[in-house]
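J.: After the structure tokens below, expect a handful of questions from me.
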Amino acid sequence: LLMRDDLLHGIHSPDAKTCVRTLAHIADMGKGGAEFLGYEADVASLLDDGRLDVVVAACQALGAMEDVGARYADALGVVLSRGSEKKQVAALDALGAMGSPVSYLANKVVSSLQDGNANVRAAACLALGSMGADEYVQELCKCLGDDVPKVVSSAITGLSYTSSGKSYASEVGAKLGAPQRDVKIAAVDFFALHKDLVAEQAESIGALLGDSCAMVRKSAVSVFLSMQEEASALVPSAVRVLKNSPDVLCKGAAAFALGSIGGKAKDQAREIAKLLEETLEDKSQAPDLAAGIQSRLPAELRFPACAAISALAKLDGEKYASDFVGLLDSNSMEIQIAALTALGDIGAKADAVVSSLLQAPEALVRASACSALGKMAKLNGADPEIVASVADCLVDRSPLVKASAAEALGFMEDEGAAYTEAILHNFQERSVLARVAAISAMGTLGIKGQMYASEVCRLMYDDHPEVRIAAARSLSRMGARGASFADEVSSLLDDPLEEVRDGAVKALTAMGDDGKPFLAQDPAQNISALG
């Protein structure tokens, strides 16, 4: 109640900055916060506020509440019909976030496709798609001919959200060859959502692995990653890029993509292996990263060697294990991490050389070494000396390394269980990441880990939702000792956050007969708790 009062005080503050900041916090709390604290009417009242930034923030907060905020969709419709450009865009974004429950307003939204402002037209395209407004797909398709690329890409995205948008696959496919980056990306993403249509555009999608823009290559790779073995129709075009592109970065993208397909691309392993020597980084993103326009590409799309390591680990990992070991001496942290990840994934018997990197100066390398050793131990058995070295990392100065060490010990069975006291100590870590990893590890360490069920239970009352979820999940893995706390786990069914309620239902379900009495008799209620 104090939290609700504080939030209401903030949104009704005469200071616009305080009001906007509070509304942003409410937006972060999403649907669960609105259900628990019931402030949606107060937020909706601000749609009539005279301050532009406040109205925009109120729209965003209502949109984040999804169907709870949808009760005030008509008020958003008023903002849409009377507001300035920024208000219209904010209202459209909110209606889109609310989805199908507000589809009755699609007849108002569709008129915005004719607005003179491109930002409004683009937002309307996205809103109609998110509403599932199939009756207006023809109008969306017309926007594919808009003069502004942002509107075209938004129209493609809007079509991808509708059930009948697939009927315009050929029109969208034509945009795979557009000159504008965002249009190509939207077109690729359309087919990533409609995998049954990929074969028809396989040549055009695969060819984009050779695009000059890294973000377009990333989007093309994502189709391979999502389809995996089902992406066989894409193989020929990817192989052509791998063998014929003059750009080593494009070759790397093709290698990364082919690796996700598995056995059907195994015959390309030798060609891919040539990229292990290409250790220079693509830094073309630097200006956009500095400006905050883009997020950093994964290492596999910046270092061709990383792409090759990732692909070869999936295609024929044991054959190239010695090459991966050799790359542990690389001057590039990203290449070292890729090699460590590959060695762990294939379960290579290289724990001695990998353990030497537990002393590396970079925390990410130390963490990756811990993870690799954990995976190796799971597949090959644990060496007590190696286990002790990993356990030493529980007191590393980096929370990430502490977390990786705890996770690795969880893979090491009886040998890892010898360090339960050290893992328990990390229950008090300030870092949420380290605490969650320690809690999770305790649930995998058999009888010795189960002895700490009561300590795990106490963490279900932690302020951080990730910790509460981890505690419930860990108890569900602790057999009878963990199940004896089913009553306490059931208290999380009333948590204001959906993800915590979800975790509680899953934990109680995993407890079997012990958890069943605390679950709703009507299965639909449990599904509702899962969001």
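Quick note on naming: the chains in the structure tokens go A, B, ... in the order shown, residues restart at 1 in each chain, and ligands are numbered from 1 in order of appearance.
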Quick one: pick out all alpha helix (DSSP H) residues within region 7-58 of chain A from a backbone DSSP run and write them as a VMD selection string.
T.: chain A and resid 7 to 11 16 to 37 40 to 45 52 to 58
J.: Which residues, written as a PyMOL selection string, have at least one atom at most 10 Å from Gly99 (chain A), with only C-alpha atoms counted and residues fewer than 2 positions away on the same chain left out?
T.: chain A and resi 63+66-67+70+94-97+101-103+127-133
J.: What lies within 8 Å of region 347-364 of chain A using only C-alpha atoms, ignoring chain neighbours under 6 positions off, as a PyMOL selection string?
T.: chain A and resi 318+321+325+333+337+340+370+372-373+375-377+379-380+386+389-390+393+398+400-401
J.: Restricting the output to N, CA and C atoms, write the selected residues as a tab-separated table (two decimals), in the first residue's frame.
T.:
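Result file selection-v7.tsv:
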```tsv
chain	number	residue	atom	x	y	z
A	318	GLU	N	34.88	-32.75	-32.47
A	318	GLU	CA	36.02	-33.54	-31.99
A	318	GLU	C	37.20	-33.44	-32.95
A	321	ALA	N	39.03	-30.15	-32.24
A	321	ALA	CA	39.29	-29.80	-30.84
A	321	ALA	C	40.69	-29.23	-30.65
A	325	VAL	N	41.86	-25.63	-29.02
A	325	VAL	CA	42.85	-25.49	-27.94
A	325	VAL	C	43.92	-24.48	-28.35
A	333	MET	N	40.07	-11.67	-26.60
A	333	MET	CA	39.24	-12.26	-25.56
A	333	MET	C	38.05	-13.00	-26.16
A	337	ILE	N	37.04	-16.92	-25.65
A	337	ILE	CA	35.73	-17.32	-25.11
A	337	ILE	C	35.04	-18.29	-26.06
A	340	LEU	N	36.72	-21.65	-25.72
A	340	LEU	CA	36.34	-22.28	-24.45
A	340	LEU	C	34.92	-22.84	-24.52
A	370	CYS	N	35.34	-21.49	-16.35
A	370	CYS	CA	34.53	-22.22	-15.36
A	370	CYS	C	33.42	-23.00	-16.04
A	372	ALA	N	33.16	-24.01	-19.14
A	372	ALA	CA	33.68	-25.11	-19.95
A	372	ALA	C	34.08	-26.29	-19.08
A	373	LEU	N	34.72	-26.03	-17.97
A	373	LEU	CA	35.14	-27.11	-17.08
A	373	LEU	C	33.93	-27.83	-16.49
A	375	LYS	N	30.99	-28.24	-17.97
A	375	LYS	CA	30.43	-29.09	-19.03
A	375	LYS	C	31.32	-30.31	-19.28
A	376	MET	N	32.63	-30.10	-19.26
A	376	MET	CA	33.55	-31.22	-19.45
A	376	MET	C	33.39	-32.26	-18.35
A	377	ALA	N	33.26	-31.77	-17.12
A	377	ALA	CA	33.11	-32.68	-15.98
A	377	ALA	C	31.81	-33.47	-16.09
A	379	LEU	N	30.39	-34.50	-18.75
A	379	LEU	CA	30.51	-35.52	-19.78
A	379	LEU	C	31.61	-36.54	-19.50
A	380	ASN	N	32.69	-36.09	-18.86
A	380	ASN	CA	33.86	-36.95	-18.69
A	380	ASN	C	34.17	-37.34	-17.26
A	386	ILE	N	40.88	-30.12	-10.42
A	386	ILE	CA	40.19	-29.14	-11.26
A	386	ILE	C	38.98	-28.58	-10.52
A	389	SER	N	40.02	-26.00	-8.13
A	389	SER	CA	40.35	-24.74	-8.80
A	389	SER	C	39.10	-23.94	-9.15
A	390	VAL	N	38.07	-24.65	-9.58
A	390	VAL	CA	36.81	-23.98	-9.89
A	390	VAL	C	36.19	-23.42	-8.61
A	393	CYS	N	37.14	-20.09	-7.45
A	393	CYS	CA	36.55	-18.96	-8.17
A	393	CYS	C	35.26	-18.46	-7.53
A	398	SER	N	34.88	-10.92	-9.41
A	398	SER	CA	33.81	-10.68	-10.37
A	398	SER	C	32.57	-11.51	-10.05
A	400	LEU	N	30.25	-12.30	-12.05
A	400	LEU	CA	30.02	-13.22	-13.17
A	400	LEU	C	30.82	-14.50	-12.99
A	401	VAL	N	32.06	-14.37	-12.56
A	401	VAL	CA	32.90	-15.55	-12.34
A	401	VAL	C	32.35	-16.38	-11.18
```
J.: Name the residues in contact with Ala233 (chain A) at a cut-off of 12 Å, using only C-alpha atoms, excluding same-chain residues fewer than 5 positions from it; report them as a list of chain:residue names.
T.: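 Near Ala233 (chain A), the qualifying residues are A:Lys195, A:Asp196, A:Leu197, A:Val198, A:Ala199, A:Glu200, A:Gln201, A:Ala202, A:Glu203, A:Ser204, A:Ile205, A:Gly206, A:Val223, A:Phe224, A:Met227, A:Gln228, A:Ala238, A:Val239, A:Leu258, A:Ile261, A:Lys264, A:Ala265.
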J.: From the options A:Met98, A:Leu433, A:Ala214, A:Ala367, which residue's atoms come nearest to Ser295 (chain A), counting only C-alpha atoms?
T.: A:Ala214
